[in-house]
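A.B. asks: Take this structure first; my questions come after.
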Amino acid sequence: MNETPDISVIIPAHNEAGNVTALAREIAEALEGRSYEMIFVDDKSTDGTLAELVAAKAEFPALRVLSHRRNAGQSRSLRTGIQAARGRIIGTMDGDGQNPPADLPALIDALTRPDAPENLKVVGGRRAKRQDSAWKKFASRVANHVRKALLRDDADDTGCGLKALYRDAYLRLPYFDHQHRFLYALMKREGYICEFRDVGHRPRGAGKSKYTNFGRLFASLSDMLGIMWLNSRARNSGGSDEL
């Protein structure tokens, strides 16, 4: 494994036994020929996720496994992985396998293209043909409408875990629980540009979702008030020059 990979793929995982080895295999296939590492962050799973990941290290030299001592949630898992990452470019995806890793190279290529805008810092996936229930898709549409109206983040799909971004830009963002749901609003607050590309979406392979529609909605409402306050206190210098 290259000691200084170009790309670090971060995958939070909580009770995803039966999904993580197959996901690691797909990531390895998608990034074959590139300089990368993949970091799975086990968020104190109570099933066989951690043991499955440790066993998979024998098959995948690029695999690193980090294990939380206490359950801390998806945002903290992402942050743990990104802080430990060695790559300048970060790819993220959910541990449930619903984000096809084959779509990640296109996001990375869009982020790093020669004619990219100077302040482009994240290219996010936009789920096409979502493989979710009609009720879950309806609830997401309502939540997206409310979020866009309040935060003006212009984000097409904040629920898609598949993203490519620059590590240094992420580490400049304020951290709080549920931060990952507002990544685009926080990036925009810093003056960064966000773009979106269509990606695939597929049914969960094993296990079950960790979220309910109402649980996500109530958590998001209080968080959105916090983001609105942060936005009201933002002062952007437009950059700096050393003379």
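Please note that chains go A, B, ... in the order of the structure tokens, that every chain numbers its residues from 1, and that ligands are numbered from 1 in the order shown.
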Skip range 90-102 of chain A itself and residues of its chain fewer than 6 positions away, then list as a PDB file with all heavy atoms, in the first residue's frame all residues within 8 Å of it, counting only C-alpha atoms.
C.D. replies:
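Just written: result_25.pdb:
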ATOM      1  N   ILE A   7      -5.919   9.183  -2.708  1.00  0.00           N
ATOM      2  CA  ILE A   7      -7.345   9.112  -2.376  1.00  0.00           C
ATOM      3  C   ILE A   7      -7.540   8.296  -1.112  1.00  0.00           C
ATOM      4  O   ILE A   7      -6.954   7.226  -0.944  1.00  0.00           O
ATOM      5  CB  ILE A   7      -8.136   8.446  -3.522  1.00  0.00           C
ATOM      6  CG1 ILE A   7      -7.929   9.193  -4.843  1.00  0.00           C
ATOM      7  CG2 ILE A   7      -9.627   8.339  -3.180  1.00  0.00           C
ATOM      8  CD1 ILE A   7      -8.313   8.376  -6.072  1.00  0.00           C
ATOM      9  N   SER A   8      -8.382   8.804  -0.215  1.00  0.00           N
ATOM     10  CA  SER A   8      -8.810   8.049   0.967  1.00  0.00           C
ATOM     11  C   SER A   8     -10.324   7.920   0.924  1.00  0.00           C
ATOM     12  O   SER A   8     -11.030   8.929   0.872  1.00  0.00           O
ATOM     13  CB  SER A   8      -8.392   8.764   2.261  1.00  0.00           C
ATOM     14  OG  SER A   8      -6.984   8.838   2.373  1.00  0.00           O
ATOM     15  N   VAL A   9     -10.813   6.695   0.926  1.00  0.00           N
ATOM     16  CA  VAL A   9     -12.258   6.447   0.912  1.00  0.00           C
ATOM     17  C   VAL A   9     -12.691   6.123   2.342  1.00  0.00           C
ATOM     18  O   VAL A   9     -12.173   5.193   2.959  1.00  0.00           O
ATOM     19  CB  VAL A   9     -12.631   5.294  -0.029  1.00  0.00           C
ATOM     20  CG1 VAL A   9     -14.150   5.146  -0.111  1.00  0.00           C
ATOM     21  CG2 VAL A   9     -12.050   5.530  -1.419  1.00  0.00           C
ATOM     22  N   ILE A  10     -13.637   6.916   2.849  1.00  0.00           N
ATOM     23  CA  ILE A  10     -14.081   6.780   4.240  1.00  0.00           C
ATOM     24  C   ILE A  10     -15.484   6.167   4.261  1.00  0.00           C
ATOM     25  O   ILE A  10     -16.400   6.678   3.613  1.00  0.00           O
ATOM     26  CB  ILE A  10     -14.105   8.142   4.953  1.00  0.00           C
ATOM     27  CG1 ILE A  10     -12.808   8.923   4.703  1.00  0.00           C
ATOM     28  CG2 ILE A  10     -14.372   7.959   6.448  1.00  0.00           C
ATOM     29  CD1 ILE A  10     -11.557   8.226   5.141  1.00  0.00           C
ATOM     30  N   ILE A  11     -15.632   5.094   5.036  1.00  0.00           N
ATOM     31  CA  ILE A  11     -16.914   4.399   5.105  1.00  0.00           C
ATOM     32  C   ILE A  11     -17.309   4.200   6.572  1.00  0.00           C
ATOM     33  O   ILE A  11     -16.730   3.364   7.271  1.00  0.00           O
ATOM     34  CB  ILE A  11     -16.862   3.021   4.413  1.00  0.00           C
ATOM     35  CG1 ILE A  11     -16.256   3.136   3.009  1.00  0.00           C
ATOM     36  CG2 ILE A  11     -18.264   2.406   4.355  1.00  0.00           C
ATOM     37  CD1 ILE A  11     -14.784   2.788   2.948  1.00  0.00           C
ATOM     38  N   PRO A  12     -18.275   4.954   7.088  1.00  0.00           N
ATOM     39  CA  PRO A  12     -18.788   4.697   8.436  1.00  0.00           C
ATOM     40  C   PRO A  12     -19.614   3.409   8.430  1.00  0.00           C
ATOM     41  O   PRO A  12     -20.363   3.158   7.465  1.00  0.00           O
ATOM     42  CB  PRO A  12     -19.688   5.904   8.734  1.00  0.00           C
ATOM     43  CG  PRO A  12     -19.465   6.873   7.618  1.00  0.00           C
ATOM     44  CD  PRO A  12     -18.953   6.091   6.457  1.00  0.00           C
ATOM     45  N   ALA A  13     -19.489   2.617   9.463  1.00  0.00           N
ATOM     46  CA  ALA A  13     -20.238   1.357   9.504  1.00  0.00           C
ATOM     47  C   ALA A  13     -20.720   1.084  10.922  1.00  0.00           C
ATOM     48  O   ALA A  13     -19.927   1.101  11.869  1.00  0.00           O
ATOM     49  CB  ALA A  13     -19.367   0.208   9.011  1.00  0.00           C
ATOM     50  N   HIS A  14     -22.008   0.843  11.047  1.00  0.00           N
ATOM     51  CA  HIS A  14     -22.578   0.432  12.338  1.00  0.00           C
ATOM     52  C   HIS A  14     -23.562  -0.696  12.068  1.00  0.00           C
ATOM     53  O   HIS A  14     -24.568  -0.518  11.387  1.00  0.00           O
ATOM     54  CB  HIS A  14     -23.290   1.594  13.031  1.00  0.00           C
ATOM     55  CG  HIS A  14     -23.961   1.188  14.322  1.00  0.00           C
ATOM     56  ND1 HIS A  14     -23.240   0.828  15.440  1.00  0.00           N
ATOM     57  CD2 HIS A  14     -25.269   1.061  14.647  1.00  0.00           C
ATOM     58  CE1 HIS A  14     -24.080   0.519  16.418  1.00  0.00           C
ATOM     59  NE2 HIS A  14     -25.309   0.637  15.954  1.00  0.00           N
ATOM     60  N   GLU A  16     -23.254  -3.465  10.168  1.00  0.00           N
ATOM     61  CA  GLU A  16     -23.347  -3.730   8.730  1.00  0.00           C
ATOM     62  C   GLU A  16     -22.691  -5.065   8.366  1.00  0.00           C
ATOM     63  O   GLU A  16     -22.140  -5.226   7.278  1.00  0.00           O
ATOM     64  CB  GLU A  16     -22.700  -2.591   7.939  1.00  0.00           C
ATOM     65  CG  GLU A  16     -23.372  -1.254   8.063  1.00  0.00           C
ATOM     66  CD  GLU A  16     -24.788  -1.217   7.464  1.00  0.00           C
ATOM     67  OE1 GLU A  16     -25.183  -2.227   6.835  1.00  0.00           O
ATOM     68  OE2 GLU A  16     -25.475  -0.195   7.636  1.00  0.00           O
ATOM     69  N   ASN A  19     -22.427  -6.775   4.762  1.00  0.00           N
ATOM     70  CA  ASN A  19     -22.297  -5.752   3.727  1.00  0.00           C
ATOM     71  C   ASN A  19     -20.860  -5.307   3.492  1.00  0.00           C
ATOM     72  O   ASN A  19     -20.475  -4.972   2.367  1.00  0.00           O
ATOM     73  CB  ASN A  19     -23.120  -4.503   4.090  1.00  0.00           C
ATOM     74  CG  ASN A  19     -24.609  -4.723   3.983  1.00  0.00           C
ATOM     75  OD1 ASN A  19     -25.073  -5.446   3.100  1.00  0.00           O
ATOM     76  ND2 ASN A  19     -25.370  -4.095   4.872  1.00  0.00           N
ATOM     77  N   VAL A  20     -20.053  -5.254   4.570  1.00  0.00           N
ATOM     78  CA  VAL A  20     -18.786  -4.529   4.478  1.00  0.00           C
ATOM     79  C   VAL A  20     -17.719  -5.217   3.626  1.00  0.00           C
ATOM     80  O   VAL A  20     -16.961  -4.539   2.920  1.00  0.00           O
ATOM     81  CB  VAL A  20     -18.234  -4.214   5.895  1.00  0.00           C
ATOM     82  CG1 VAL A  20     -19.079  -3.138   6.558  1.00  0.00           C
ATOM     83  CG2 VAL A  20     -18.152  -5.468   6.755  1.00  0.00           C
ATOM     84  N   LEU A  23     -18.560  -4.641   0.047  1.00  0.00           N
ATOM     85  CA  LEU A  23     -18.344  -3.234  -0.273  1.00  0.00           C
ATOM     86  C   LEU A  23     -16.854  -2.951  -0.466  1.00  0.00           C
ATOM     87  O   LEU A  23     -16.454  -2.250  -1.402  1.00  0.00           O
ATOM     88  CB  LEU A  23     -18.920  -2.361   0.835  1.00  0.00           C
ATOM     89  CG  LEU A  23     -18.928  -0.853   0.610  1.00  0.00           C
ATOM     90  CD1 LEU A  23     -19.668  -0.487  -0.674  1.00  0.00           C
ATOM     91  CD2 LEU A  23     -19.568  -0.145   1.811  1.00  0.00           C
ATOM     92  N   GLU A  26     -15.808  -4.137  -3.853  1.00  0.00           N
ATOM     93  CA  GLU A  26     -16.242  -3.242  -4.929  1.00  0.00           C
ATOM     94  C   GLU A  26     -15.396  -1.970  -4.989  1.00  0.00           C
ATOM     95  O   GLU A  26     -15.112  -1.458  -6.080  1.00  0.00           O
ATOM     96  CB  GLU A  26     -17.713  -2.872  -4.735  1.00  0.00           C
ATOM     97  CG  GLU A  26     -18.687  -3.978  -5.058  1.00  0.00           C
ATOM     98  CD  GLU A  26     -20.109  -3.459  -5.091  1.00  0.00           C
ATOM     99  OE1 GLU A  26     -20.511  -2.870  -6.103  1.00  0.00           O
ATOM    100  OE2 GLU A  26     -20.830  -3.627  -4.073  1.00  0.00           O
ATOM    101  N   ILE A  27     -15.006  -1.463  -3.825  1.00  0.00           N
ATOM    102  CA  ILE A  27     -14.150  -0.269  -3.805  1.00  0.00           C
ATOM    103  C   ILE A  27     -12.806  -0.589  -4.449  1.00  0.00           C
ATOM    104  O   ILE A  27     -12.282   0.189  -5.251  1.00  0.00           O
ATOM    105  CB  ILE A  27     -13.958   0.231  -2.354  1.00  0.00           C
ATOM    106  CG1 ILE A  27     -15.286   0.745  -1.779  1.00  0.00           C
ATOM    107  CG2 ILE A  27     -12.899   1.335  -2.299  1.00  0.00           C
ATOM    108  CD1 ILE A  27     -15.259   1.001  -0.285  1.00  0.00           C
ATOM    109  N   GLU A  29     -12.153  -2.821  -6.681  1.00  0.00           N
ATOM    110  CA  GLU A  29     -12.340  -2.961  -8.127  1.00  0.00           C
ATOM    111  C   GLU A  29     -12.506  -1.598  -8.792  1.00  0.00           C
ATOM    112  O   GLU A  29     -11.939  -1.345  -9.867  1.00  0.00           O
ATOM    113  CB  GLU A  29     -13.561  -3.836  -8.404  1.00  0.00           C
ATOM    114  CG  GLU A  29     -13.376  -5.300  -8.007  1.00  0.00           C
ATOM    115  CD  GLU A  29     -14.667  -6.097  -8.074  1.00  0.00           C
ATOM    116  OE1 GLU A  29     -15.739  -5.491  -8.358  1.00  0.00           O
ATOM    117  OE2 GLU A  29     -14.621  -7.321  -7.832  1.00  0.00           O
ATOM    118  N   ALA A  30     -13.274  -0.705  -8.148  1.00  0.00           N
ATOM    119  CA  ALA A  30     -13.544   0.610  -8.743  1.00  0.00           C
ATOM    120  C   ALA A  30     -12.289   1.473  -8.826  1.00  0.00           C
ATOM    121  O   ALA A  30     -12.136   2.261  -9.768  1.00  0.00           O
ATOM    122  CB  ALA A  30     -14.617   1.335  -7.935  1.00  0.00           C
ATOM    123  N   LEU A  78     -17.404   9.736  10.217  1.00  0.00           N
ATOM    124  CA  LEU A  78     -16.791  10.367   9.048  1.00  0.00           C
ATOM    125  C   LEU A  78     -15.594  11.218   9.453  1.00  0.00           C
ATOM    126  O   LEU A  78     -14.531  11.172   8.828  1.00  0.00           O
ATOM    127  CB  LEU A  78     -17.825  11.221   8.312  1.00  0.00           C
ATOM    128  CG  LEU A  78     -18.813  10.488   7.415  1.00  0.00           C
ATOM    129  CD1 LEU A  78     -19.926  11.425   6.979  1.00  0.00           C
ATOM    130  CD2 LEU A  78     -18.102   9.899   6.193  1.00  0.00           C
ATOM    131  N   ILE A  82     -11.740  10.861   8.280  1.00  0.00           N
ATOM    132  CA  ILE A  82     -11.091  11.924   7.513  1.00  0.00           C
ATOM    133  C   ILE A  82      -9.869  12.462   8.256  1.00  0.00           C
ATOM    134  O   ILE A  82      -8.848  12.786   7.653  1.00  0.00           O
ATOM    135  CB  ILE A  82     -12.096  13.041   7.183  1.00  0.00           C
ATOM    136  CG1 ILE A  82     -13.160  12.504   6.206  1.00  0.00           C
ATOM    137  CG2 ILE A  82     -11.399  14.255   6.574  1.00  0.00           C
ATOM    138  CD1 ILE A  82     -14.306  13.452   5.944  1.00  0.00           C
ATOM    139  N   ILE A 108     -14.648  11.778  -8.378  1.00  0.00           N
ATOM    140  CA  ILE A 108     -13.261  12.210  -8.157  1.00  0.00           C
ATOM    141  C   ILE A 108     -12.719  12.929  -9.386  1.00  0.00           C
ATOM    142  O   ILE A 108     -12.078  13.984  -9.276  1.00  0.00           O
ATOM    143  CB  ILE A 108     -12.379  10.995  -7.804  1.00  0.00           C
ATOM    144  CG1 ILE A 108     -12.795  10.412  -6.443  1.00  0.00           C
ATOM    145  CG2 ILE A 108     -10.900  11.387  -7.786  1.00  0.00           C
ATOM    146  CD1 ILE A 108     -12.131   9.092  -6.106  1.00  0.00           C
ATOM    147  N   CYS A 160     -27.401  11.566   0.029  1.00  0.00           N
ATOM    148  CA  CYS A 160     -26.545  10.611  -0.660  1.00  0.00           C
ATOM    149  C   CYS A 160     -25.167  10.597  -0.005  1.00  0.00           C
ATOM    150  O   CYS A 160     -24.499  11.628   0.085  1.00  0.00           O
ATOM    151  CB  CYS A 160     -26.425  10.978  -2.136  1.00  0.00           C
ATOM    152  SG  CYS A 160     -25.404   9.819  -3.082  1.00  0.00           S
ATOM    153  N   GLY A 161     -24.726   9.422   0.426  1.00  0.00           N
ATOM    154  CA  GLY A 161     -23.435   9.329   1.104  1.00  0.00           C
ATOM    155  C   GLY A 161     -22.246   9.400   0.179  1.00  0.00           C
ATOM    156  O   GLY A 161     -21.115   9.606   0.623  1.00  0.00           O
ATOM    157  N   LEU A 162     -22.465   9.239  -1.126  1.00  0.00           N
ATOM    158  CA  LEU A 162     -21.373   9.192  -2.089  1.00  0.00           C
ATOM    159  C   LEU A 162     -20.932  10.608  -2.450  1.00  0.00           C
ATOM    160  O   LEU A 162     -21.689  11.383  -3.037  1.00  0.00           O
ATOM    161  CB  LEU A 162     -21.827   8.441  -3.335  1.00  0.00           C
ATOM    162  CG  LEU A 162     -20.759   7.888  -4.272  1.00  0.00           C
ATOM    163  CD1 LEU A 162     -19.841   6.909  -3.541  1.00  0.00           C
ATOM    164  CD2 LEU A 162     -21.403   7.200  -5.467  1.00  0.00           C
ATOM    165  N   LYS A 163     -19.674  10.935  -2.105  1.00  0.00           N
ATOM    166  CA  LYS A 163     -19.133  12.281  -2.335  1.00  0.00           C
ATOM    167  C   LYS A 163     -17.630  12.187  -2.599  1.00  0.00           C
ATOM    168  O   LYS A 163     -16.972  11.239  -2.153  1.00  0.00           O
ATOM    169  CB  LYS A 163     -19.338  13.181  -1.112  1.00  0.00           C
ATOM    170  CG  LYS A 163     -20.775  13.390  -0.682  1.00  0.00           C
ATOM    171  CD  LYS A 163     -20.826  14.247   0.583  1.00  0.00           C
ATOM    172  CE  LYS A 163     -22.257  14.475   1.061  1.00  0.00           C
ATOM    173  NZ  LYS A 163     -22.861  13.227   1.607  1.00  0.00           N
ATOM    174  N   ALA A 164     -17.121  13.184  -3.291  1.00  0.00           N
ATOM    175  CA  ALA A 164     -15.675  13.386  -3.414  1.00  0.00           C
ATOM    176  C   ALA A 164     -15.384  14.808  -2.973  1.00  0.00           C
ATOM    177  O   ALA A 164     -16.063  15.746  -3.397  1.00  0.00           O
ATOM    178  CB  ALA A 164     -15.203  13.165  -4.849  1.00  0.00           C
ATOM    179  N   LEU A 165     -14.406  14.987  -2.103  1.00  0.00           N
ATOM    180  CA  LEU A 165     -14.108  16.313  -1.559  1.00  0.00           C
ATOM    181  C   LEU A 165     -12.638  16.403  -1.188  1.00  0.00           C
ATOM    182  O   LEU A 165     -11.924  15.403  -1.155  1.00  0.00           O
ATOM    183  CB  LEU A 165     -15.000  16.596  -0.353  1.00  0.00           C
ATOM    184  CG  LEU A 165     -14.994  15.567   0.783  1.00  0.00           C
ATOM    185  CD1 LEU A 165     -14.013  15.970   1.880  1.00  0.00           C
ATOM    186  CD2 LEU A 165     -16.373  15.384   1.372  1.00  0.00           C
ATOM    187  N   TYR A 166     -12.202  17.633  -0.923  1.00  0.00           N
ATOM    188  CA  TYR A 166     -10.825  17.849  -0.488  1.00  0.00           C
ATOM    189  C   TYR A 166     -10.755  17.814   1.037  1.00  0.00           C
ATOM    190  O   TYR A 166     -11.543  18.481   1.723  1.00  0.00           O
ATOM    191  CB  TYR A 166     -10.285  19.169  -1.023  1.00  0.00           C
ATOM    192  CG  TYR A 166      -9.956  19.122  -2.504  1.00  0.00           C
ATOM    193  CD1 TYR A 166     -10.742  19.794  -3.433  1.00  0.00           C
ATOM    194  CD2 TYR A 166      -8.864  18.396  -2.962  1.00  0.00           C
ATOM    195  CE1 TYR A 166     -10.450  19.751  -4.792  1.00  0.00           C
ATOM    196  CE2 TYR A 166      -8.557  18.342  -4.320  1.00  0.00           C
ATOM    197  CZ  TYR A 166      -9.357  19.016  -5.227  1.00  0.00           C
ATOM    198  OH  TYR A 166      -9.061  18.961  -6.563  1.00  0.00           O
ATOM    199  N   ARG A 167      -9.797  17.062   1.543  1.00  0.00           N
ATOM    200  CA  ARG A 167      -9.653  16.881   2.988  1.00  0.00           C
ATOM    201  C   ARG A 167      -9.444  18.198   3.711  1.00  0.00           C
ATOM    202  O   ARG A 167     -10.064  18.445   4.758  1.00  0.00           O
ATOM    203  CB  ARG A 167      -8.477  15.937   3.272  1.00  0.00           C
ATOM    204  CG  ARG A 167      -8.225  15.665   4.753  1.00  0.00           C
ATOM    205  CD  ARG A 167      -7.082  14.660   4.922  1.00  0.00           C
ATOM    206  NE  ARG A 167      -6.870  14.347   6.321  1.00  0.00           N
ATOM    207  CZ  ARG A 167      -6.018  14.994   7.127  1.00  0.00           C
ATOM    208  NH1 ARG A 167      -5.304  16.023   6.631  1.00  0.00           N
ATOM    209  NH2 ARG A 167      -5.879  14.647   8.392  1.00  0.00           N
ATOM    210  N   VAL A 199     -25.712   9.541  -9.700  1.00  0.00           N
ATOM    211  CA  VAL A 199     -25.094   8.263  -9.333  1.00  0.00           C
ATOM    212  C   VAL A 199     -26.207   7.235  -9.153  1.00  0.00           C
ATOM    213  O   VAL A 199     -27.385   7.574  -9.052  1.00  0.00           O
ATOM    214  CB  VAL A 199     -24.270   8.373  -8.025  1.00  0.00           C
ATOM    215  CG1 VAL A 199     -23.101   9.325  -8.202  1.00  0.00           C
ATOM    216  CG2 VAL A 199     -25.144   8.808  -6.847  1.00  0.00           C
ATOM    217  N   GLY A 200     -25.805   5.993  -9.097  1.00  0.00           N
ATOM    218  CA  GLY A 200     -26.774   4.926  -8.907  1.00  0.00           C
ATOM    219  C   GLY A 200     -27.209   4.795  -7.454  1.00  0.00           C
ATOM    220  O   GLY A 200     -26.632   5.400  -6.547  1.00  0.00           O
ATOM    221  N   HIS A 201     -28.221   3.994  -7.246  1.00  0.00           N
ATOM    222  CA  HIS A 201     -28.721   3.691  -5.902  1.00  0.00           C
ATOM    223  C   HIS A 201     -29.348   2.316  -5.970  1.00  0.00           C
ATOM    224  O   HIS A 201     -29.998   1.967  -6.955  1.00  0.00           O
ATOM    225  CB  HIS A 201     -29.751   4.737  -5.465  1.00  0.00           C
ATOM    226  CG  HIS A 201     -30.122   4.658  -4.021  1.00  0.00           C
ATOM    227  ND1 HIS A 201     -31.381   4.319  -3.577  1.00  0.00           N
ATOM    228  CD2 HIS A 201     -29.378   4.862  -2.907  1.00  0.00           C
ATOM    229  CE1 HIS A 201     -31.405   4.345  -2.256  1.00  0.00           C
ATOM    230  NE2 HIS A 201     -30.200   4.660  -1.827  1.00  0.00           N
ATOM    231  N   ARG A 202     -29.144   1.532  -4.935  1.00  0.00           N
ATOM    232  CA  ARG A 202     -29.635   0.157  -4.973  1.00  0.00           C
ATOM    233  C   ARG A 202     -30.139  -0.263  -3.606  1.00  0.00           C
ATOM    234  O   ARG A 202     -29.838   0.386  -2.596  1.00  0.00           O
ATOM    235  CB  ARG A 202     -28.515  -0.764  -5.446  1.00  0.00           C
ATOM    236  CG  ARG A 202     -27.248  -0.703  -4.588  1.00  0.00           C
ATOM    237  CD  ARG A 202     -26.064  -1.334  -5.283  1.00  0.00           C
ATOM    238  NE  ARG A 202     -24.881  -1.326  -4.414  1.00  0.00           N
ATOM    239  CZ  ARG A 202     -23.677  -1.698  -4.797  1.00  0.00           C
ATOM    240  NH1 ARG A 202     -23.481  -2.110  -6.052  1.00  0.00           N
ATOM    241  NH2 ARG A 202     -22.653  -1.682  -3.959  1.00  0.00           N
ATOM    242  N   PRO A 203     -30.909  -1.341  -3.554  1.00  0.00           N
ATOM    243  CA  PRO A 203     -31.443  -1.788  -2.259  1.00  0.00           C
ATOM    244  C   PRO A 203     -30.324  -2.219  -1.315  1.00  0.00           C
ATOM    245  O   PRO A 203     -29.251  -2.646  -1.743  1.00  0.00           O
ATOM    246  CB  PRO A 203     -32.324  -2.981  -2.640  1.00  0.00           C
ATOM    247  CG  PRO A 203     -32.609  -2.817  -4.090  1.00  0.00           C
ATOM    248  CD  PRO A 203     -31.399  -2.153  -4.676  1.00  0.00           C
ATOM    249  N   ARG A 204     -30.587  -2.076  -0.041  1.00  0.00           N
ATOM    250  CA  ARG A 204     -29.658  -2.551   0.992  1.00  0.00           C
ATOM    251  C   ARG A 204     -29.491  -4.063   0.854  1.00  0.00           C
ATOM    252  O   ARG A 204     -30.459  -4.792   0.640  1.00  0.00           O
ATOM    253  CB  ARG A 204     -30.227  -2.175   2.351  1.00  0.00           C
ATOM    254  CG  ARG A 204     -29.600  -2.858   3.531  1.00  0.00           C
ATOM    255  CD  ARG A 204     -30.322  -2.481   4.809  1.00  0.00           C
ATOM    256  NE  ARG A 204     -29.881  -1.185   5.275  1.00  0.00           N
ATOM    257  CZ  ARG A 204     -28.791  -0.987   6.007  1.00  0.00           C
ATOM    258  NH1 ARG A 204     -28.027  -2.024   6.337  1.00  0.00           N
ATOM    259  NH2 ARG A 204     -28.451   0.210   6.414  1.00  0.00           N
ATOM    260  N   GLY A 205     -28.245  -4.530   1.014  1.00  0.00           N
ATOM    261  CA  GLY A 205     -27.984  -5.953   0.886  1.00  0.00           C
ATOM    262  C   GLY A 205     -28.327  -6.745   2.133  1.00  0.00           C
ATOM    263  O   GLY A 205     -28.897  -7.833   2.075  1.00  0.00           O
ATOM    264  N   ALA A 206     -27.967  -6.227   3.319  1.00  0.00           N
ATOM    265  CA  ALA A 206     -28.218  -6.912   4.586  1.00  0.00           C
ATOM    266  C   ALA A 206     -28.484  -5.867   5.656  1.00  0.00           C
ATOM    267  O   ALA A 206     -28.218  -4.677   5.465  1.00  0.00           O
ATOM    268  CB  ALA A 206     -27.019  -7.782   4.971  1.00  0.00           C
ATOM    269  N   GLY A 207     -29.028  -6.300   6.783  1.00  0.00           N
ATOM    270  CA  GLY A 207     -29.297  -5.386   7.887  1.00  0.00           C
ATOM    271  C   GLY A 207     -30.494  -4.497   7.616  1.00  0.00           C
ATOM    272  O   GLY A 207     -31.275  -4.720   6.701  1.00  0.00           O
TER     273      GLY A 207
END
A.B. asks: As a list in words, which residues of range 6-93 of chain A does DSSP assign to strand (DSSP E or B)?
C.D. replies: Ile7, Ser8, Val9, Ile10, Ile11, Pro12, Ala13, Tyr36, Glu37, Met38, Ile39, Phe40, Val41, Asp42, Leu63, Arg64, Val65, Leu66, Ser67, Ile89, Ile90, Gly91 and Thr92 of chain A
A.B. asks: From a DSSP calculation on the backbone, collect every residue of range 7-186 of chain A in helix (DSSP H, G or I) and output the set as a PyMOL selection string.
C.D. replies: chain A and resi 20-30+49-56+74-84+101-112+134-151+167-171+179-186
A.B. asks: Can I get the selected residues back with C-alpha atoms, as a CSV table (one decimal), in the first residue's frame?
C.D. replies:
chain,number,residue,atom,x,y,z
A,20,VAL,CA,-18.8,-4.5,4.5
A,21,THR,CA,-16.6,-7.2,2.8
A,22,ALA,CA,-18.5,-7.0,-0.4
A,23,LEU,CA,-18.3,-3.2,-0.3
A,24,ALA,CA,-14.6,-3.3,0.3
A,25,ARG,CA,-14.3,-5.6,-2.7
A,26,GLU,CA,-16.2,-3.2,-4.9
A,27,ILE,CA,-14.1,-0.3,-3.8
A,28,ALA,CA,-11.0,-2.2,-4.7
A,29,GLU,CA,-12.3,-3.0,-8.1
A,30,ALA,CA,-13.5,0.6,-8.7
A,49,THR,CA,-19.1,-6.0,11.6
A,50,LEU,CA,-15.8,-5.4,13.3
A,51,ALA,CA,-14.7,-9.0,13.1
A,52,GLU,CA,-15.7,-9.1,9.4
A,53,LEU,CA,-13.6,-6.0,8.7
A,54,VAL,CA,-10.5,-7.2,10.6
A,55,ALA,CA,-10.7,-10.5,8.7
A,56,ALA,CA,-11.0,-8.7,5.4
A,74,GLN,CA,-22.3,8.8,11.5
A,75,SER,CA,-20.9,12.4,11.5
A,76,ARG,CA,-18.3,11.5,14.1
A,77,SER,CA,-17.4,8.3,12.2
A,78,LEU,CA,-16.8,10.4,9.0
A,79,ARG,CA,-14.7,12.9,11.0
A,80,THR,CA,-12.6,10.1,12.6
A,81,GLY,CA,-11.9,8.6,9.2
A,82,ILE,CA,-11.1,11.9,7.5
A,83,GLN,CA,-8.8,13.0,10.3
A,84,ALA,CA,-6.9,9.7,10.0
A,101,PRO,CA,-18.6,2.3,-5.5
A,102,ALA,CA,-18.3,2.1,-9.3
A,103,ASP,CA,-19.7,5.7,-9.4
A,104,LEU,CA,-17.0,7.1,-7.2
A,105,PRO,CA,-14.2,7.6,-9.8
A,106,ALA,CA,-16.5,9.9,-11.9
A,107,LEU,CA,-17.0,12.1,-8.8
A,108,ILE,CA,-13.3,12.2,-8.2
A,109,ASP,CA,-12.5,13.0,-11.8
A,110,ALA,CA,-15.1,15.8,-11.8
A,111,LEU,CA,-13.5,17.3,-8.6
A,112,THR,CA,-10.0,17.2,-9.9
A,134,ALA,CA,-42.5,5.7,-1.7
A,135,TRP,CA,-43.0,7.1,1.8
A,136,LYS,CA,-39.3,7.5,2.4
A,137,LYS,CA,-38.9,9.3,-0.9
A,138,PHE,CA,-41.8,11.6,-0.2
A,139,ALA,CA,-40.4,12.5,3.3
A,140,SER,CA,-37.0,13.2,1.7
A,141,ARG,CA,-38.6,15.5,-0.9
A,142,VAL,CA,-40.4,17.5,1.9
A,143,ALA,CA,-37.2,17.7,3.9
A,144,ASN,CA,-35.2,18.9,0.9
A,145,HIS,CA,-37.7,21.6,0.1
A,146,VAL,CA,-37.7,22.9,3.7
A,147,ARG,CA,-33.9,22.7,3.9
A,148,LYS,CA,-33.4,24.6,0.6
A,149,ALA,CA,-35.9,27.3,1.6
A,150,LEU,CA,-34.2,27.9,5.0
A,151,LEU,CA,-30.5,27.4,4.2
A,167,ARG,CA,-9.7,16.9,3.0
A,168,ASP,CA,-8.3,20.3,3.9
A,169,ALA,CA,-11.6,22.0,3.0
A,170,TYR,CA,-13.6,19.6,5.2
A,171,LEU,CA,-11.3,20.1,8.2
A,179,GLN,CA,-22.8,17.7,10.5
A,180,HIS,CA,-22.8,15.4,7.5
A,181,ARG,CA,-26.4,16.3,6.6
A,182,PHE,CA,-25.4,19.9,6.2
A,183,LEU,CA,-22.0,19.5,4.5
A,184,TYR,CA,-23.0,21.6,1.4
A,185,ALA,CA,-24.4,24.4,3.4
A,186,LEU,CA,-21.2,24.5,5.5
A.B. asks: Calculated over only C-alpha atoms, which of the candidates A:Gly238, A:Pro114, A:Gly73, A:Pro5 has the smallest distance to Lys44 in chain A?
C.D. replies: A:Gly73
A.B. asks: With distances taken over only C-alpha atoms, which of A:Arg34, A:Ser220, A:Arg64, A:Arg69 is nearest to His178 in chain A?
C.D. replies: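 The shortest atom-to-atom distance to His178 in chain A comes from A:Ser220.
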A.B. asks: With distances taken over only C-alpha atoms, which residue among A:Pro61, A:Ile89, A:Ala17, A:His68 lies nearest Val41 in chain A?
C.D. replies: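 Residue with the minimum atom-to-atom distance to Val41 in chain A: A:His68.
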